[in-house]
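Participant: Below is query.pdb; it holds PDB, C-alpha atoms and all ligand atoms.
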ATOM      1  CA  MET S   1       5.366  30.676   2.633
ATOM      2  CA  LEU S   2       2.305  28.698   3.665
ATOM      3  CA  SER S   3       1.861  25.659   1.472
ATOM      4  CA  ILE S   4      -1.389  23.704   1.402
ATOM      5  CA  VAL S   5      -1.599  20.117   0.182
ATOM      6  CA  GLY S   6      -5.195  19.396  -0.862
ATOM      7  CA  SER S   7      -7.679  21.854  -2.351
ATOM      8  CA  GLY S   8     -10.895  20.381  -0.937
ATOM      9  CA  ALA S   9     -13.278  22.425   1.198
ATOM     10  CA  MET S  10     -10.885  22.722   4.158
ATOM     11  CA  GLY S  11      -7.843  23.597   2.011
ATOM     12  CA  CYS S  12      -9.786  26.335   0.199
ATOM     13  CA  LEU S  13     -11.258  27.636   3.471
ATOM     14  CA  TRP S  14      -7.765  28.125   4.940
ATOM     15  CA  ALA S  15      -6.399  29.614   1.707
ATOM     16  CA  ALA S  16      -9.293  32.099   1.709
ATOM     17  CA  HIS S  17      -8.567  33.091   5.310
ATOM     18  CA  LEU S  18      -4.810  33.448   4.897
ATOM     19  CA  TYR S  19      -4.085  34.840   1.439
ATOM     20  CA  GLN S  20      -4.228  38.476   2.602
ATOM     21  CA  GLN S  21      -1.860  37.818   5.513
ATOM     22  CA  THR S  22       0.842  35.684   3.938
ATOM     23  CA  ASP S  23       2.027  33.994   0.716
ATOM     24  CA  VAL S  24      -0.187  30.953   0.222
ATOM     25  CA  CYS S  25       0.062  28.272  -2.452
ATOM     26  CA  PHE S  26      -1.351  24.827  -3.178
ATOM     27  CA  VAL S  27       1.253  22.093  -3.598
ATOM     28  CA  VAL S  28       0.866  19.992  -6.740
ATOM     29  CA  THR S  29       1.884  16.536  -5.556
ATOM     30  CA  GLU S  30       1.819  13.691  -8.068
ATOM     31  CA  PRO S  31      -1.595  12.325  -6.917
ATOM     32  CA  TYR S  32      -2.994  15.894  -7.062
ATOM     33  CA  ARG S  33      -1.520  16.431 -10.558
ATOM     34  CA  GLN S  34      -3.140  13.240 -11.820
ATOM     35  CA  LYS S  35      -6.487  13.870 -10.145
ATOM     36  CA  HIS S  36      -6.762  17.392 -11.581
ATOM     37  CA  HIS S  37      -5.253  16.447 -14.987
ATOM     38  CA  LEU S  38      -2.576  19.161 -14.676
ATOM     39  CA  SER S  39       0.617  19.636 -16.594
ATOM     40  CA  ALA S  40       3.348  22.196 -15.810
ATOM     41  CA  PRO S  41       3.368  25.182 -15.732
ATOM     42  CA  TYR S  42       0.367  24.989 -13.422
ATOM     43  CA  SER S  43      -2.396  27.589 -13.510
ATOM     44  CA  ALA S  44      -3.548  29.262 -10.289
ATOM     45  CA  LEU S  45      -6.633  27.821  -8.610
ATOM     46  CA  SER S  46      -9.427  30.413  -8.667
ATOM     47  CA  PHE S  47     -12.532  30.024  -6.551
ATOM     48  CA  ASN S  48     -15.324  31.980  -4.889
ATOM     49  CA  ALA S  49     -15.269  31.928  -1.102
ATOM     50  CA  PHE S  50     -18.537  32.617   0.704
ATOM     51  CA  PRO S  51     -17.978  33.694   4.332
ATOM     52  CA  ASN S  52     -21.265  31.972   5.255
ATOM     53  CA  ALA S  53     -24.105  30.024   3.680
ATOM     54  CA  LEU S  54     -26.383  33.083   3.386
ATOM     55  CA  GLU S  55     -23.896  35.522   1.851
ATOM     56  CA  SER S  56     -24.500  36.450  -1.785
ATOM     57  CA  GLN S  57     -21.221  38.350  -2.359
ATOM     58  CA  PRO S  58     -18.237  35.993  -2.482
ATOM     59  CA  HIS S  59     -14.533  36.864  -2.278
ATOM     60  CA  ARG S  60     -12.828  35.867  -5.506
ATOM     61  CA  ILE S  61      -9.579  34.112  -4.593
ATOM     62  CA  SER S  62      -6.741  33.058  -6.835
ATOM     63  CA  THR S  63      -4.050  30.854  -5.290
ATOM     64  CA  PRO S  64      -0.914  29.702  -7.147
ATOM     65  CA  ARG S  65      -0.425  25.970  -7.630
ATOM     66  CA  LEU S  66       3.252  24.995  -7.477
ATOM     67  CA  ALA S  67       5.310  21.816  -7.703
ATOM     68  CA  PRO S  68       6.805  20.708  -4.357
ATOM     69  CA  ASP S  69      10.321  21.971  -5.209
ATOM     70  CA  THR S  70       9.053  25.571  -5.626
ATOM     71  CA  ALA S  71       6.144  25.410  -3.161
ATOM     72  CA  ILE S  72       8.272  24.358  -0.204
ATOM     73  CA  LYS S  73      10.889  26.838   1.026
ATOM     74  CA  HIS S  74      13.344  26.024   3.814
ATOM     75  CA  ASP S  75      11.053  27.583   6.445
ATOM     76  CA  SER S  76       7.593  26.891   4.949
ATOM     77  CA  THR S  77       4.691  25.691   7.035
ATOM     78  CA  ILE S  78       2.851  22.912   5.216
ATOM     79  CA  LEU S  79      -0.808  22.164   5.927
ATOM     80  CA  ILE S  80      -1.753  18.647   4.791
ATOM     81  CA  MET S  81      -5.479  18.817   4.060
ATOM     82  CA  THR S  82      -6.007  15.688   2.007
ATOM     83  CA  LYS S  83      -8.213  12.720   2.871
ATOM     84  CA  SER S  84      -6.476  10.357   5.299
ATOM     85  CA  TYR S  85      -5.783   7.768   2.571
ATOM     86  CA  ASP S  86      -3.980  10.407   0.446
ATOM     87  CA  VAL S  87      -1.507  11.415   3.170
ATOM     88  CA  ASP S  88       1.101   8.682   2.554
ATOM     89  CA  PRO S  89       1.624   9.443  -1.166
ATOM     90  CA  ALA S  90       1.627  13.208  -0.445
ATOM     91  CA  ILE S  91       4.359  12.801   2.189
ATOM     92  CA  ILE S  92       6.464  10.717  -0.224
ATOM     93  CA  ASP S  93       6.316  13.608  -2.720
ATOM     94  CA  ILE S  94       7.135  16.460  -0.338
ATOM     95  CA  LYS S  95       9.609  14.666   1.957
ATOM     96  CA  PRO S  96      12.703  15.398  -0.232
ATOM     97  CA  TYR S  97      12.121  19.162   0.267
ATOM     98  CA  LEU S  98      11.499  19.089   4.029
ATOM     99  CA  GLY S  99      13.971  19.753   6.811
ATOM    100  CA  ALA S 100      14.059  20.501  10.518
ATOM    101  CA  GLN S 101      13.052  24.171   9.882
ATOM    102  CA  ASN S 102       9.736  23.244   8.258
ATOM    103  CA  ILE S 103       6.487  22.648  10.097
ATOM    104  CA  VAL S 104       3.911  20.093   8.963
ATOM    105  CA  VAL S 105       0.325  20.237  10.263
ATOM    106  CA  LEU S 106      -1.958  17.249   9.562
ATOM    107  CA  PHE S 107      -5.726  17.825   9.317
ATOM    108  CA  GLN S 108      -7.094  14.300   8.808
ATOM    109  CA  ASN S 109     -10.129  12.567  10.270
ATOM    110  CA  GLY S 110      -9.610   9.340  12.171
ATOM    111  CA  PHE S 111      -6.413   8.051  13.706
ATOM    112  CA  GLY S 112      -3.560   6.229  12.045
ATOM    113  CA  SER S 113      -2.562   8.386   9.081
ATOM    114  CA  GLN S 114      -1.048  10.876  11.560
ATOM    115  CA  GLN S 115       1.288   8.277  13.071
ATOM    116  CA  ARG S 116       2.297   6.976   9.644
ATOM    117  CA  ALA S 117       3.089  10.546   8.526
ATOM    118  CA  CYS S 118       5.149  11.206  11.659
ATOM    119  CA  ASN S 119       7.177   8.051  11.143
ATOM    120  CA  ALA S 120       7.883   9.068   7.551
ATOM    121  CA  LEU S 121       8.779  12.681   8.435
ATOM    122  CA  GLY S 122      11.789  11.956  10.676
ATOM    123  CA  ASP S 123      13.139  15.188  12.212
ATOM    124  CA  THR S 124      10.559  17.564  10.662
ATOM    125  CA  PRO S 125       8.265  18.906  13.387
ATOM    126  CA  CYS S 126       4.843  17.377  12.884
ATOM    127  CA  PHE S 127       1.601  18.625  14.438
ATOM    128  CA  ALA S 128      -1.979  17.354  14.129
ATOM    129  CA  ALA S 129      -5.187  19.376  14.056
ATOM    130  CA  VAL S 130      -8.726  18.521  15.104
ATOM    131  CA  THR S 131     -11.227  20.921  13.612
ATOM    132  CA  THR S 132     -14.938  21.531  13.922
ATOM    133  CA  GLU S 133     -15.012  24.209  11.182
ATOM    134  CA  GLY S 134     -17.777  23.409   8.708
ATOM    135  CA  ALA S 135     -16.965  23.972   5.047
ATOM    136  CA  ASN S 136     -18.280  22.523   1.819
ATOM    137  CA  LYS S 137     -17.600  22.809  -1.888
ATOM    138  CA  PRO S 138     -20.868  22.568  -3.820
ATOM    139  CA  ASP S 139     -18.779  22.762  -7.020
ATOM    140  CA  HIS S 140     -15.069  23.092  -7.953
ATOM    141  CA  GLN S 141     -15.293  26.897  -8.075
ATOM    142  CA  THR S 142     -17.007  27.531  -4.738
ATOM    143  CA  VAL S 143     -16.269  27.095  -1.052
ATOM    144  CA  ILE S 144     -18.829  27.925   1.647
ATOM    145  CA  HIS S 145     -17.898  28.471   5.279
ATOM    146  CA  ALA S 146     -21.011  26.693   6.507
ATOM    147  CA  GLY S 147     -20.385  26.710  10.255
ATOM    148  CA  HIS S 148     -17.884  28.394  12.569
ATOM    149  CA  GLY S 149     -16.041  26.003  14.840
ATOM    150  CA  GLU S 150     -12.583  25.767  16.337
ATOM    151  CA  THR S 151      -9.311  24.101  15.461
ATOM    152  CA  VAL S 152      -7.127  22.514  18.126
ATOM    153  CA  ILE S 153      -3.504  21.854  17.170
ATOM    154  CA  GLY S 154      -0.834  19.948  19.078
ATOM    155  CA  PRO S 155       2.476  18.133  18.659
ATOM    156  CA  MET S 156       2.696  14.618  17.208
ATOM    157  CA  ASN S 157       6.484  14.047  17.443
ATOM    158  CA  LYS S 158       9.470  15.040  19.588
ATOM    159  CA  PRO S 159      10.698  17.886  17.294
ATOM    160  CA  ALA S 160       7.183  19.384  17.430
ATOM    161  CA  GLN S 161       7.069  19.069  21.228
ATOM    162  CA  LEU S 162      10.377  20.950  21.426
ATOM    163  CA  ILE S 163       9.205  23.795  19.173
ATOM    164  CA  GLY S 164       5.721  23.994  20.706
ATOM    165  CA  LYS S 165       3.436  26.930  19.995
ATOM    166  CA  ALA S 166       5.798  29.284  18.153
ATOM    167  CA  GLN S 167       5.845  31.692  15.184
ATOM    168  CA  TRP S 168       4.197  29.139  12.862
ATOM    169  CA  PHE S 169       1.143  29.196  15.135
ATOM    170  CA  ASP S 170       0.872  33.004  14.928
ATOM    171  CA  LYS S 171       0.989  32.689  11.135
ATOM    172  CA  LEU S 172      -2.046  30.377  11.245
ATOM    173  CA  ALA S 173      -3.807  32.482  13.878
ATOM    174  CA  ALA S 174      -3.664  35.423  11.433
ATOM    175  CA  SER S 175      -6.445  33.553   9.577
ATOM    176  CA  LYS S 176      -8.830  34.759  12.325
ATOM    177  CA  LEU S 177     -10.227  31.218  12.435
ATOM    178  CA  THR S 178     -10.545  30.126  16.073
ATOM    179  CA  LEU S 179      -7.360  28.242  16.998
ATOM    180  CA  CYS S 180      -6.034  26.798  20.193
ATOM    181  CA  TYR S 181      -2.980  24.788  21.167
ATOM    182  CA  ASP S 182      -3.177  21.536  23.115
ATOM    183  CA  PRO S 183       0.023  19.654  24.009
ATOM    184  CA  SER S 184      -2.093  16.467  24.448
ATOM    185  CA  ILE S 185      -3.488  16.352  20.927
ATOM    186  CA  SER S 186      -3.734  12.519  20.919
ATOM    187  CA  ILE S 187      -6.556  12.774  23.451
ATOM    188  CA  GLN S 188      -8.413  15.199  21.163
ATOM    189  CA  LEU S 189      -7.830  12.913  18.169
ATOM    190  CA  MET S 190      -9.166   9.864  20.051
ATOM    191  CA  ARG S 191     -12.231  11.777  21.239
ATOM    192  CA  LYS S 192     -13.002  12.966  17.686
ATOM    193  CA  LEU S 193     -12.332   9.444  16.405
ATOM    194  CA  ALA S 194     -15.033   8.056  18.712
ATOM    195  CA  ILE S 195     -17.492  10.700  17.461
ATOM    196  CA  ASN S 196     -16.736   9.868  13.827
ATOM    197  CA  CYS S 197     -17.064   6.110  14.569
ATOM    198  CA  ALA S 198     -20.527   6.747  16.017
ATOM    199  CA  ILE S 199     -21.863   8.998  13.240
ATOM    200  CA  ASN S 200     -20.098   8.647   9.894
ATOM    201  CA  PRO S 201     -20.798   4.976   9.000
ATOM    202  CA  PHE S 202     -24.532   5.360   9.757
ATOM    203  CA  THR S 203     -24.851   8.434   7.537
ATOM    204  CA  ALA S 204     -23.171   6.516   4.705
ATOM    205  CA  ILE S 205     -25.159   3.284   5.169
ATOM    206  CA  GLY S 206     -28.486   5.080   5.676
ATOM    207  CA  ASN S 207     -27.786   7.906   3.197
ATOM    208  CA  CYS S 208     -28.887  10.487   5.761
ATOM    209  CA  ARG S 209     -27.750  13.694   7.410
ATOM    210  CA  ASN S 210     -26.148  13.625  10.876
ATOM    211  CA  GLY S 211     -29.381  14.647  12.614
ATOM    212  CA  ALA S 212     -31.280  11.621  11.272
ATOM    213  CA  VAL S 213     -28.860   8.982  12.598
ATOM    214  CA  ARG S 214     -30.531   8.666  16.016
ATOM    215  CA  LYS S 215     -33.836   7.722  14.414
ATOM    216  CA  GLN S 216     -32.242   5.090  12.174
ATOM    217  CA  ARG S 217     -33.197   1.472  12.994
ATOM    218  CA  LEU S 218     -29.683   0.147  12.426
ATOM    219  CA  PHE S 219     -28.252   2.781  14.794
ATOM    220  CA  GLN S 220     -30.818   2.037  17.498
ATOM    221  CA  GLU S 221     -30.091  -1.682  17.280
ATOM    222  CA  VAL S 222     -26.294  -1.540  17.364
ATOM    223  CA  TRP S 223     -25.550   1.605  19.390
ATOM    224  CA  PRO S 224     -25.375  -0.117  22.836
ATOM    225  CA  GLN S 225     -22.705  -2.523  21.555
ATOM    226  CA  LEU S 226     -20.841   0.159  19.587
ATOM    227  CA  ARG S 227     -20.961   2.545  22.575
ATOM    228  CA  ALA S 228     -19.423  -0.142  24.806
ATOM    229  CA  GLU S 229     -16.616  -0.806  22.306
ATOM    230  CA  LEU S 230     -15.850   2.907  21.858
ATOM    231  CA  ALA S 231     -15.866   3.583  25.606
ATOM    232  CA  ALA S 232     -13.464   0.645  26.079
ATOM    233  CA  MET S 233     -11.164   2.082  23.395
ATOM    234  CA  LEU S 234     -11.163   5.529  25.026
ATOM    235  CA  ASN S 235     -10.582   4.108  28.499
ATOM    236  CA  HIS S 236      -7.665   2.079  27.209
ATOM    237  CA  ALA S 237      -6.229   5.299  25.729
ATOM    238  CA  ASN S 238      -6.553   6.960  29.178
ATOM    239  CA  LEU S 239      -9.486   9.116  28.180
ATOM    240  CA  ASN S 240     -11.812   7.970  30.887
ATOM    241  CA  LEU S 241     -15.407   8.542  29.846
ATOM    242  CA  SER S 242     -18.383   6.485  30.983
ATOM    243  CA  GLU S 243     -20.689   5.094  28.296
ATOM    244  CA  SER S 244     -23.327   7.667  29.201
ATOM    245  CA  GLU S 245     -20.817  10.559  29.001
ATOM    246  CA  LEU S 246     -19.733   9.319  25.585
ATOM    247  CA  GLU S 247     -23.357   9.088  24.487
ATOM    248  CA  GLU S 248     -23.981  12.655  25.618
ATOM    249  CA  ILE S 249     -21.018  13.918  23.571
ATOM    250  CA  VAL S 250     -22.076  11.957  20.457
ATOM    251  CA  PHE S 251     -25.733  13.034  20.647
ATOM    252  CA  ASP S 252     -24.654  16.642  21.188
ATOM    253  CA  VAL S 253     -22.550  16.578  17.981
ATOM    254  CA  MET S 254     -25.456  14.957  16.101
ATOM    255  CA  THR S 255     -27.729  17.789  17.229
ATOM    256  CA  LYS S 256     -25.234  20.591  16.517
ATOM    257  CA  THR S 257     -24.407  19.210  13.055
ATOM    258  CA  ALA S 258     -27.919  17.884  12.332
ATOM    259  CA  ASN S 259     -28.040  19.466   8.892
ATOM    260  CA  ASN S 260     -24.551  18.350   7.822
ATOM    261  CA  GLN S 261     -23.835  15.696   5.298
ATOM    262  CA  SER S 262     -20.973  13.872   6.996
ATOM    263  CA  SER S 263     -17.657  13.704   5.163
ATOM    264  CA  MET S 264     -18.251   9.973   4.633
ATOM    265  CA  LEU S 265     -21.657  10.479   3.043
ATOM    266  CA  GLN S 266     -20.142  13.159   0.781
ATOM    267  CA  ASP S 267     -17.410  10.683  -0.217
ATOM    268  CA  ILE S 268     -19.956   7.976  -1.045
ATOM    269  CA  ASN S 269     -22.140  10.393  -3.022
ATOM    270  CA  SER S 270     -19.109  11.588  -5.001
ATOM    271  CA  ALA S 271     -17.930   8.008  -5.649
ATOM    272  CA  ARG S 272     -14.695   8.692  -3.721
ATOM    273  CA  PRO S 273     -13.029   6.197  -1.365
ATOM    274  CA  THR S 274     -14.096   6.727   2.252
ATOM    275  CA  GLU S 275     -11.920   7.148   5.374
ATOM    276  CA  ILE S 276     -13.581   4.136   7.056
ATOM    277  CA  ASP S 277     -10.244   2.275   7.462
ATOM    278  CA  ASP S 278      -8.885   5.146   9.588
ATOM    279  CA  ILE S 279     -12.182   5.502  11.521
ATOM    280  CA  ASN S 280     -14.069   2.300  12.517
ATOM    281  CA  GLY S 281     -11.286   0.276  10.869
ATOM    282  CA  PHE S 282      -8.747   1.870  13.222
ATOM    283  CA  ALA S 283     -11.045   1.259  16.226
ATOM    284  CA  HIS S 284     -11.427  -2.389  15.207
ATOM    285  CA  ARG S 285      -7.641  -2.916  14.922
ATOM    286  CA  TYR S 286      -6.912  -1.005  18.156
ATOM    287  CA  LEU S 287      -9.502  -2.979  20.154
ATOM    288  CA  GLU S 288      -8.414  -6.328  18.725
ATOM    289  CA  GLN S 289      -4.729  -5.584  19.467
ATOM    290  CA  HIS S 290      -5.591  -4.853  23.079
ATOM    291  CA  GLY S 291      -7.823  -7.910  23.560
ATOM    292  CA  LEU S 292     -11.050  -5.856  23.753
ATOM    293  CA  PRO S 293     -14.396  -6.544  21.987
ATOM    294  CA  PHE S 294     -14.276  -5.155  18.431
ATOM    295  CA  GLN S 295     -17.064  -6.891  16.453
ATOM    296  CA  MET S 296     -19.333  -3.900  15.868
ATOM    297  CA  ASN S 297     -16.521  -1.666  14.551
ATOM    298  CA  LYS S 298     -15.433  -4.507  12.283
ATOM    299  CA  SER S 299     -18.960  -5.042  11.016
ATOM    300  CA  LEU S 300     -19.545  -1.312  10.307
ATOM    301  CA  THR S 301     -16.201  -1.131   8.461
ATOM    302  CA  GLU S 302     -17.283  -4.049   6.261
ATOM    303  CA  GLN S 303     -20.737  -2.552   5.647
ATOM    304  CA  VAL S 304     -19.224   0.757   4.472
ATOM    305  CA  HIS S 305     -16.739  -1.074   2.229
ATOM    306  CA  ALA S 306     -19.667  -2.982   0.707
ATOM    307  CA  LEU S 307     -21.299   0.316  -0.343
ATOM    308  CA  ARG S 308     -18.493   0.890  -2.849
ATOM    309  CA  SER S 309     -18.152  -2.651  -4.243
TER     310      SER S 309
HETATM  311  O1  LIG S 401     -16.441  15.171  11.487
HETATM  312  C1  LIG S 401     -17.514  14.918  11.003
HETATM  313  C2  LIG S 401     -17.510  14.403   9.608
HETATM  314  O2  LIG S 401     -18.462  14.603   8.882
HETATM  315  O3  LIG S 401     -16.490  13.784   9.252
HETATM  316  C3  LIG S 401     -18.781  15.072  11.806
HETATM  317  C4  LIG S 401     -18.415  15.365  13.253
HETATM  318  C5  LIG S 401     -19.608  13.818  11.724
HETATM  319  C6  LIG S 401     -19.566  16.280  11.349
HETATM  320  O4  LIG S 401     -20.154  16.118  10.096
END
Kindly present the structure from the file in structure tokens form.

Facilitator:
Amino acid sequence: MLSIVGSGAMGCLWAAHLYQQTDVCFVVTEPYRQKHHLSAPYSALSFNAFPNALESQPHRISTPRLAPDTAIKHDSTILIMTKSYDVDPAIIDIKPYLGAQNIVVLFQNGFGSQQRACNALGDTPCFAAVTTEGANKPDHQTVIHAGHGETVIGPMNKPAQLIGKAQWFDKLAASKLTLCYDPSISIQLMRKLAINCAINPFTAIGNCRNGAVRKQRLFQEVWPQLRAELAAMLNHANLNLSESELEEIVFDVMTKTANNQSSMLQDINSARPTEIDDINGFAHRYLEQHGLPFQMNKSLTEQVHALRS
């Protein structure tokens, strides 16, 4: 059984790619039940999946929604595809049904929720994923695979390091989404964190797509200071990149995703909480803890918080 926590764009994308290969269900955790106003017995979640933005013929998918006690079998793989701030309550709900035979894969932006989840999971193997797949849900009934990317997965705790790339990985690879395994996933997470720190807050503050950030006055004014803070964070985490190498990576992502609405802008536009505390907020705390300059990450965190107050 493959159990997915979270039925946002990424959860639906994976369900759509796996339902023909294996038994897939969405897990109804308590926060999910409340958010979707569900009461047992739960109906299946039906949606149209468009393989790309131009396709007119969708696949109609119907995926069961089950309570954790029925959704999680002794050998289930569980994909946690919630926002980073929803991971802790989700883990509390599923933890009683997890053991050493299960596999948990975390798909969150930012850095921080992954470590908290690992600490809570004990001896259950826990992996983290960094993905560049582009998916969006224009409405509750529709998911569009907007851009093909790749998903890198690697171990977050000792039990996961011991299991490594095993049968669970083949189960996910059956999705035909591009997957690879990296034993040093923390490096990938830190690199993606720096990219999100450099793009997401500006899209939210300026209400613009990723491609417009470079032309934004605020970005042009603060980027040299932010770039220096992010390069210092990466160097401290042993990912040695010069400021100009970091800039090249960030500008490249801005160009490749120019038409995207960042996840943070989508959150603001849908009046949802943002992941800022696990993005620039994490960078601020990390830099401060290690005696490095942190003011710009702190300021951007505060500016994004102010958008919702
Ligand atoms: O990961 C992203 C996000 O929106 O959270 C980027 C890389 C900015 C692409 O939109």

Participant: Neighbours of ligand LIG 401 (chain S) within 6 Å, counting all atoms listed in the file, as a list of chain:residue names?

Facilitator: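 Residues satisfying the distance criterion: S:Asn196, S:Ile199, S:Asn200, S:Thr257, S:Asn260, S:Ser262, S:Ser263.
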
Participant: Suppose you want the space between CA of Ile91 in chain S and CA of Ala49 in chain S; what is it in Å?

Facilitator: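 About the pair CA of Ile91 in chain S and CA of Ala49 in chain S: they are 27.6 Å apart.
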
Participant: Rounded to one decimal place, report the CA of Gly147 in chain S-CA of Glu133 in chain S distance in Å.

Facilitator: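 About the pair CA of Gly147 in chain S and CA of Glu133 in chain S: they are 6.0 Å apart.
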
Participant: How would you write as number ranges by chain the residues that get within 7 Å of (0.0, 32.7, -7.0) in the file's frame, counting all atoms listed in the file?

Facilitator: S: 25, 44, 62-65

Participant: Would you mind reading off the distance between CA of Ile72 in chain S and CA of Ala128 in chain S, one decimal, in Å?

Facilitator: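 Distance between the two atoms: 19.0 Å.
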
Participant: Just the residues within 10 Å of Ser299 in chain S, please, counting all atoms listed in the file, with nothing from its chain fewer than 6 positions along; format it as a list in words.

Facilitator: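 In the requested form, the answer reads Asn280, Gly281, His284 and His305 of chain S.
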
Participant: When the PyMOL selection byres (((chain S and resi 105) around 8) and not hetatm) is applied to the file above, which residues end up in the set, as a list in words?

Facilitator: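 When the PyMOL selection byres (((chain S and resi 105) around 8) and not hetatm) is applied to the shown file, the picked residues are Thr77, Ile78, Leu79, Ile80, Ile103, Val104, Leu106, Phe107, Cys126, Phe127, Ala128 and Ala129 of chain S.
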
Participant: Could you check which of S:Lys256, S:Lys192, S:Arg116, S:Lys73 is closest to Gly211 in chain S, using all atoms listed in the file?

Facilitator: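 Comparing S:Lys256, S:Lys192, S:Arg116, S:Lys73 against Gly211 in chain S, the winner is S:Lys256.
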
Participant: Would you mind listing what lies within 12 Å of Gly164 in chain S as a list in words, with only C-alpha atoms counted and same-chain residues fewer than 3 positions away left out?

Facilitator: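 So the residues in contact are Ile103, Pro125, Cys126, Phe127, Ile153, Gly154, Pro155, Met156, Asn157, Lys158, Pro159, Ala160, Gln161, Gln167, Trp168, Phe169, Asp170, Tyr181, Asp182, Pro183, Ser184 and Ile185 of chain S.
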